[in-house]
Structures are given as structure tokens and as C-alpha cells.
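Everything on this sheet refers to the single structure shown next.
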Amino acid sequence: MSSSALTQRSSGLVQRRTEASRNAADKDRGSGDEDFYEPRAGGDEAGLEDDDKGDSKETRLTLMEEVLLLGLKDREGYTSFWNDCISSGLRGCMLIELALRGRLQLEACGMRRKSLLARKVICKSDAPTGDVLLDEALKHVKETQPPETVQSWIELLSGETWNPLKLHYQLRNVRERLAKNLVEKGVLTTEKQNFLLFDMTTHPLTNNTIKQRLIKKVQEAVLDKWVNDPHRMDKRLLALIFLAHSSDVLENAFAPLLDEQYDLAMKRVRQLLDLEPEGESTKPNTNELLWAVVAAFTK
């Protein structure tokens, strides 16, 4: 996918699913009334922001795992073959995840106040996160001189570069590696499926409760728990909504909603998408790198 694929699609939101598929999704919904706490991979407690301090009783997922889980077909165990957005979306998730964990930040804006997309990403801490993919991305950022911008990193980590000397930045088999993480966490299982000419490893859903909690969390963020101010929202949840939309999987969380709820949810997502990242990034208690990633996908 070229860098132009990072730009926001003019229609903004994915087309509504058919009534039949909505009804099918309704039947599959679980109960799961408990709050779902955002996960963290392996024992990474140092350098986390306040919103990282949650209850550890629930299975913890990273932003990348949450976006992939929203995109996976429950029974088939793979993402849509037509989705060409999720690859770059997952790289955006990695950058935000590392920023929220205190590993990455944007360089100072300087006297001339550089725009978010002109500012370079710098390593704030190289302490291991306990997640192999995140540590791989962090190592690339730390060792790259001169530093690169957020948009450049999304393209480099996706392998979208014409420079053969920069192909080594590409993170390979990301979806498969994230799916294996979810298998280890008891969310997915592993199967082999035959597609006439080849066999493919798939990862069907095995723990529907966790996925339903995730879907409920996304729905409530723009319905019952809507706060009408992105800076009062949990940063991880805000990032999840933006990145799920950029990855073309947000529709999956809204498909089971009734028409009135669906329209309201989409209206509020549009409000978030219409925000100006440059202005939002200057407000108190914000994460500049988060807004830089949003800018890369919505500019």
C-alpha cells in the first residue's frame, strides 16, 4: 500500500453491513458486563502513564492485538482479504503503544513550532517492553540516525519504501505474530484450512467473552460513556477508536447495534475524526505522538 493509503478516505466511514450480517452478529454476542482493562504484554510496569494502571484480573491486550481482534472473522480466523488498511494501522498502533509506555516521544517543536508530521520520533527509553514486536520497532527507532517522522516510520515498518537500503525496517508477519500472541493468551486457537491451491494457518476465536468485552468497550465509548471531550477519554481507548477506523475494522464493533444507536455512534466517531490534531496536541495532559499518528491517517 502506498503512502496515499494513509490518507483518510473521503467517505470517512465504512459502509454499513447488511441487515442479515448484523442479525448474525447479534446472535454471537456474549454477556460480559465487566469492564475490560487494556492489556499490556509481559510485566512492563516501568514508565507507564496513569491510564496504564488498571486491574490485572482481565486478559490484557495491546492496541495492536485489540485492532487485529476486531478485524478477525470469528469462525474463519483471518482478516478480510480486501482490507488493505490494517497493515499500516497496526504500525500506527505500535508507535502509540510505545509512546503510552514512555518509550517514544516527538522531538521538541522548537521556536518555529514545527507541525506534528514534520517532527521526528525519538527514543525516550530503550527499556524492554516484554513484547517482541514492540521491542523490534523500538530498536529500529533508537538506532536510526538521523531520526524519522511518524509517517515515515509507519511506511518503513510496513515495508512501503522505494529505498532498498531501508527495506530492513519492515516488520514481517505482523498479523500472524499478533495472532499467536492471542493464542497464547487464550483468545484464539490455531487451525489449518485448505484453500484449493494452498493450506493456510488460521486463528478462529475461542474466547468470545474477551472479544465481546472489547466490542462493548468500543461501543460504550461513543454511546453510554461518551464524554464529548477527547482529553477526558482514556488515551488508549481514544487511540483504539482512531486506529480501528484507520484499519477499517471499527465497523465490526458497531454492526450489532440498533439503527438509532449505530447512527449516533457513527456521528460521534465523525466528531473525533473532524478534530484538528495540531490544536489537540497542544492541550494539557495530552500525548503528542498519539496525535501525530492520528494526523498521519487523517490529513
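Every chain in the C-alpha cells takes a letter, A first, then B, and so on in the order presented; its residues are numbered from 1, and the ligands are numbered from 1 following the presented order.
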
Requested in this report: If you run DSSP over the backbone, which residues in range 126-261 of chain A end up helix (DSSP H, G or I)? Put them as number ranges by chain.
Outcome: A: 132-143, 150-158, 164-169, 174-184, 208-221, 230-232, 235-246, 250-254, 259-261

**Report entry** DSSP strand (DSSP E or B) selection over range 194-263 of chain A, as an MDAnalysis selection string
**Finding:** chainID A and resid 194:195 198:202 205

Query - Glu280 in chain A environment, 10 Å, only C-alpha atoms, sequence neighbours closer than 5 positions dropped, as a VMD selection string - result: chain A and resid 230 to 231 275 286 to 288 291

Could you write those residues out with all heavy atoms, as an mmCIF file, in the first residue's frame?
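The new file selection_32.cif reads:
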```
data_model
loop_
_atom_site.group_PDB
_atom_site.id
_atom_site.type_symbol
_atom_site.label_atom_id
_atom_site.label_comp_id
_atom_site.auth_asym_id
_atom_site.auth_seq_id
_atom_site.Cartn_x
_atom_site.Cartn_y
_atom_site.Cartn_z
ATOM 1 N N PRO A 230 -12.174 14.700 23.868
ATOM 2 C CA PRO A 230 -11.171 13.643 23.724
ATOM 3 C C PRO A 230 -10.151 13.616 24.857
ATOM 4 O O PRO A 230 -9.558 12.569 25.144
ATOM 5 C CB PRO A 230 -10.498 13.967 22.385
ATOM 6 C CG PRO A 230 -10.778 15.411 22.149
ATOM 7 C CD PRO A 230 -12.127 15.667 22.758
ATOM 8 N N HIS A 231 -9.955 14.742 25.530
ATOM 9 C CA HIS A 231 -8.944 14.804 26.587
ATOM 10 C C HIS A 231 -9.462 14.283 27.923
ATOM 11 O O HIS A 231 -8.688 14.140 28.865
ATOM 12 C CB HIS A 231 -8.412 16.230 26.707
ATOM 13 C CG HIS A 231 -7.811 16.713 25.420
ATOM 14 N ND1 HIS A 231 -6.568 16.307 24.981
ATOM 15 C CD2 HIS A 231 -8.315 17.499 24.436
ATOM 16 C CE1 HIS A 231 -6.325 16.850 23.799
ATOM 17 N NE2 HIS A 231 -7.376 17.566 23.441
ATOM 18 N N LEU A 275 -11.630 16.384 14.397
ATOM 19 C CA LEU A 275 -10.769 17.182 15.272
ATOM 20 C C LEU A 275 -9.489 17.567 14.544
ATOM 21 O O LEU A 275 -9.040 16.858 13.621
ATOM 22 C CB LEU A 275 -10.412 16.393 16.541
ATOM 23 C CG LEU A 275 -11.563 16.132 17.524
ATOM 24 C CD1 LEU A 275 -11.104 15.141 18.599
ATOM 25 C CD2 LEU A 275 -12.029 17.429 18.162
ATOM 26 N N THR A 286 -1.795 15.769 27.282
ATOM 27 C CA THR A 286 -2.019 15.056 26.026
ATOM 28 C C THR A 286 -0.747 14.309 25.640
ATOM 29 O O THR A 286 0.313 14.498 26.243
ATOM 30 C CB THR A 286 -2.407 16.041 24.906
ATOM 31 O OG1 THR A 286 -2.863 15.314 23.771
ATOM 32 C CG2 THR A 286 -1.226 16.911 24.499
ATOM 33 N N ASN A 287 -0.850 13.446 24.664
ATOM 34 C CA ASN A 287 0.318 12.730 24.155
ATOM 35 C C ASN A 287 0.523 13.157 22.705
ATOM 36 O O ASN A 287 -0.278 12.820 21.829
ATOM 37 C CB ASN A 287 0.116 11.218 24.267
ATOM 38 C CG ASN A 287 1.378 10.444 23.909
ATOM 39 O OD1 ASN A 287 1.832 10.468 22.769
ATOM 40 N ND2 ASN A 287 1.951 9.765 24.889
ATOM 41 N N GLU A 288 1.591 13.901 22.458
ATOM 42 C CA GLU A 288 1.808 14.467 21.122
ATOM 43 C C GLU A 288 1.970 13.398 20.055
ATOM 44 O O GLU A 288 1.482 13.547 18.935
ATOM 45 C CB GLU A 288 3.038 15.375 21.145
ATOM 46 C CG GLU A 288 2.867 16.636 21.953
ATOM 47 C CD GLU A 288 4.106 17.510 21.911
ATOM 48 O OE1 GLU A 288 5.232 16.951 22.013
ATOM 49 O OE2 GLU A 288 3.968 18.738 21.766
ATOM 50 N N TRP A 291 -1.309 12.085 18.758
ATOM 51 C CA TRP A 291 -1.967 12.987 17.800
ATOM 52 C C TRP A 291 -1.204 13.053 16.471
ATOM 53 O O TRP A 291 -1.814 13.284 15.421
ATOM 54 C CB TRP A 291 -2.155 14.354 18.413
ATOM 55 C CG TRP A 291 -3.219 14.346 19.451
ATOM 56 C CD1 TRP A 291 -3.068 14.400 20.810
ATOM 57 C CD2 TRP A 291 -4.634 14.226 19.224
ATOM 58 N NE1 TRP A 291 -4.291 14.319 21.442
ATOM 59 C CE2 TRP A 291 -5.271 14.223 20.490
ATOM 60 C CE3 TRP A 291 -5.425 14.149 18.077
ATOM 61 C CZ2 TRP A 291 -6.652 14.129 20.630
ATOM 62 C CZ3 TRP A 291 -6.808 14.047 18.227
ATOM 63 C CH2 TRP A 291 -7.403 14.033 19.480
#
```

Requested in this report: Tell me which protein, DNA and RNA residues are within 10 Å of Glu191 in chain A, counting only C-alpha atoms, leaving out same-chain ones fewer than 3 positions away, and put them as a VMD selection string.
Outcome: chain A and resid 76 to 77 188 200 to 204

Query raised in the report: Can you list, as JSON, numbers by chain, every protein, DNA or RNA residue that comes within 12 Å of Asp263 in chain A when you count only C-alpha atoms, leaving out same-chain residues fewer than 3 positions away?
Result: {"A": [13, 15, 16, 219, 222, 223, 251, 254, 255, 257, 258, 259, 260, 266, 267, 268, 269, 270]}

File of the preceding selection, N, CA, C and O atoms, as a JSON list (two decimals), in the first residue's frame:
```
[["chain", "number", "residue", "atom", "x", "y", "z"],
["A", 13, "LEU", "N", -16.20, 6.81, 6.72],
["A", 13, "LEU", "CA", -16.62, 5.63, 7.45],
["A", 13, "LEU", "C", -17.03, 4.53, 6.49],
["A", 13, "LEU", "O", -17.53, 4.77, 5.40],
["A", 15, "GLN", "N", -18.96, 1.45, 4.79],
["A", 15, "GLN", "CA", -20.39, 1.26, 4.52],
["A", 15, "GLN", "C", -20.99, 0.28, 5.52],
["A", 15, "GLN", "O", -20.35, -0.65, 5.97],
["A", 16, "ARG", "N", -22.25, 0.51, 5.82],
["A", 16, "ARG", "CA", -22.97, -0.30, 6.79],
["A", 16, "ARG", "C", -23.12, -1.73, 6.32],
["A", 16, "ARG", "O", -23.33, -1.99, 5.14],
["A", 219, "GLN", "N", -18.10, 0.33, 21.85],
["A", 219, "GLN", "CA", -19.46, 0.87, 21.70],
["A", 219, "GLN", "C", -19.78, 1.89, 22.79],
["A", 219, "GLN", "O", -20.28, 2.98, 22.52],
["A", 222, "VAL", "N", -18.52, 5.61, 22.68],
["A", 222, "VAL", "CA", -19.21, 6.60, 21.85],
["A", 222, "VAL", "C", -20.72, 6.61, 22.07],
["A", 222, "VAL", "O", -21.45, 7.31, 21.36],
["A", 223, "LEU", "N", -21.17, 5.85, 23.07],
["A", 223, "LEU", "CA", -22.61, 5.84, 23.40],
["A", 223, "LEU", "C", -22.81, 6.19, 24.87],
["A", 223, "LEU", "O", -22.77, 7.35, 25.25],
["A", 251, "GLU", "N", -16.11, -0.69, 11.99],
["A", 251, "GLU", "CA", -17.46, -1.09, 11.61],
["A", 251, "GLU", "C", -17.85, -2.41, 12.27],
["A", 251, "GLU", "O", -19.01, -2.63, 12.61],
["A", 254, "PHE", "N", -19.51, -1.96, 15.54],
["A", 254, "PHE", "CA", -20.80, -1.27, 15.53],
["A", 254, "PHE", "C", -21.89, -2.07, 14.80],
["A", 254, "PHE", "O", -23.07, -1.73, 14.91],
["A", 255, "ALA", "N", -21.53, -3.09, 14.07],
["A", 255, "ALA", "CA", -22.50, -3.85, 13.27],
["A", 255, "ALA", "C", -23.67, -4.39, 14.09],
["A", 255, "ALA", "O", -24.81, -4.39, 13.60],
["A", 257, "LEU", "N", -25.26, -3.07, 16.54],
["A", 257, "LEU", "CA", -26.09, -2.02, 17.14],
["A", 257, "LEU", "C", -27.42, -1.84, 16.40],
["A", 257, "LEU", "O", -27.52, -2.09, 15.20],
["A", 258, "LEU", "N", -28.42, -1.39, 17.13],
["A", 258, "LEU", "CA", -29.68, -1.00, 16.51],
["A", 258, "LEU", "C", -29.45, 0.26, 15.68],
["A", 258, "LEU", "O", -28.47, 0.99, 15.90],
["A", 259, "ASP", "N", -30.34, 0.52, 14.73],
["A", 259, "ASP", "CA", -30.14, 1.62, 13.79],
["A", 259, "ASP", "C", -29.87, 2.96, 14.48],
["A", 259, "ASP", "O", -28.95, 3.69, 14.11],
["A", 260, "GLU", "N", -30.68, 3.27, 15.48],
["A", 260, "GLU", "CA", -30.54, 4.57, 16.15],
["A", 260, "GLU", "C", -29.19, 4.68, 16.87],
["A", 260, "GLU", "O", -28.51, 5.70, 16.79],
["A", 266, "MET", "N", -21.75, 6.47, 14.93],
["A", 266, "MET", "CA", -21.02, 6.95, 13.75],
["A", 266, "MET", "C", -20.89, 8.48, 13.77],
["A", 266, "MET", "O", -19.85, 9.03, 13.37],
["A", 267, "LYS", "N", -21.92, 9.16, 14.23],
["A", 267, "LYS", "CA", -21.87, 10.62, 14.31],
["A", 267, "LYS", "C", -20.76, 11.06, 15.26],
["A", 267, "LYS", "O", -20.01, 12.00, 14.97],
["A", 268, "ARG", "N", -20.63, 10.36, 16.39],
["A", 268, "ARG", "CA", -19.61, 10.73, 17.36],
["A", 268, "ARG", "C", -18.21, 10.36, 16.91],
["A", 268, "ARG", "O", -17.24, 11.06, 17.20],
["A", 269, "VAL", "N", -18.09, 9.26, 16.19],
["A", 269, "VAL", "CA", -16.79, 8.92, 15.59],
["A", 269, "VAL", "C", -16.39, 10.01, 14.59],
["A", 269, "VAL", "O", -15.23, 10.44, 14.55],
["A", 270, "ARG", "N", -17.36, 10.49, 13.82],
["A", 270, "ARG", "CA", -17.08, 11.56, 12.86],
["A", 270, "ARG", "C", -16.61, 12.82, 13.59],
["A", 270, "ARG", "O", -15.71, 13.52, 13.12]]
```

Report task. Would you mind telling me which residue in A:Lys283, A:His245, A:Lys124, A:Arg112 lies nearest to Cys85 in chain A when using only C-alpha atoms? Result ->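 With only C-alpha atoms as the atom set, the closest residue is A:His245.
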
Query raised in the report: What separation in Å, quoted to one decimal, exists between CA of Ser246 in chain A and CA of Leu95 in chain A?
Result: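 Computed distance, CA of Ser246 in chain A to CA of Leu95 in chain A, equals 14.2 Å.
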
Query - Residue with smallest distance to Leu171 in chain A - pool A:Trp226, A:Ser87, A:Val183, A:Asp248, counting only C-alpha atoms - result: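 Using only C-alpha atoms, Leu171 in chain A sits closest to A:Ser87.
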
**Report entry** Who sits within 12 Å of Leu106 in chain A, only C-alpha atoms, same chain under 6 positions skipped, as a ChimeraX atom specification
**Finding:** /A:95-96,98-99,114-124,141,147-150,281,287-293

Residues from last step as file, C-alpha atoms, as an mmCIF file, in the first residue's frame:
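again_31.cif, freshly written:
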```cif
data_model
loop_
_atom_site.group_PDB
_atom_site.id
_atom_site.type_symbol
_atom_site.label_atom_id
_atom_site.label_comp_id
_atom_site.auth_asym_id
_atom_site.auth_seq_id
_atom_site.Cartn_x
_atom_site.Cartn_y
_atom_site.Cartn_z
ATOM 1 C CA LEU A 95 4.048 3.746 17.732
ATOM 2 C CA ILE A 96 1.227 4.838 20.049
ATOM 3 C CA LEU A 98 5.392 2.662 22.675
ATOM 4 C CA ALA A 99 4.536 6.309 23.351
ATOM 5 C CA LYS A 114 7.049 22.549 13.600
ATOM 6 C CA SER A 115 3.916 20.644 12.648
ATOM 7 C CA LEU A 116 3.308 17.197 14.145
ATOM 8 C CA LEU A 117 4.129 15.448 10.878
ATOM 9 C CA ALA A 118 7.385 17.391 10.470
ATOM 10 C CA ARG A 119 8.712 16.486 13.902
ATOM 11 C CA LYS A 120 10.961 13.442 14.330
ATOM 12 C CA VAL A 121 10.296 10.461 16.577
ATOM 13 C CA ILE A 122 12.965 9.991 19.252
ATOM 14 C CA CYS A 123 13.641 7.237 21.763
ATOM 15 C CA LYS A 124 12.829 8.314 25.320
ATOM 16 C CA VAL A 141 13.779 3.881 16.150
ATOM 17 C CA PRO A 147 15.576 10.304 13.144
ATOM 18 C CA GLU A 148 12.453 9.812 11.028
ATOM 19 C CA THR A 149 8.930 11.281 11.238
ATOM 20 C CA VAL A 150 5.805 9.381 12.323
ATOM 21 C CA SER A 281 -1.791 18.119 20.734
ATOM 22 C CA ASN A 287 0.318 12.730 24.155
ATOM 23 C CA GLU A 288 1.808 14.467 21.122
ATOM 24 C CA LEU A 289 2.893 11.289 19.378
ATOM 25 C CA LEU A 290 -0.642 9.896 19.610
ATOM 26 C CA TRP A 291 -1.967 12.987 17.800
ATOM 27 C CA ALA A 292 0.868 12.798 15.255
ATOM 28 C CA VAL A 293 -0.230 9.258 14.331
#
```
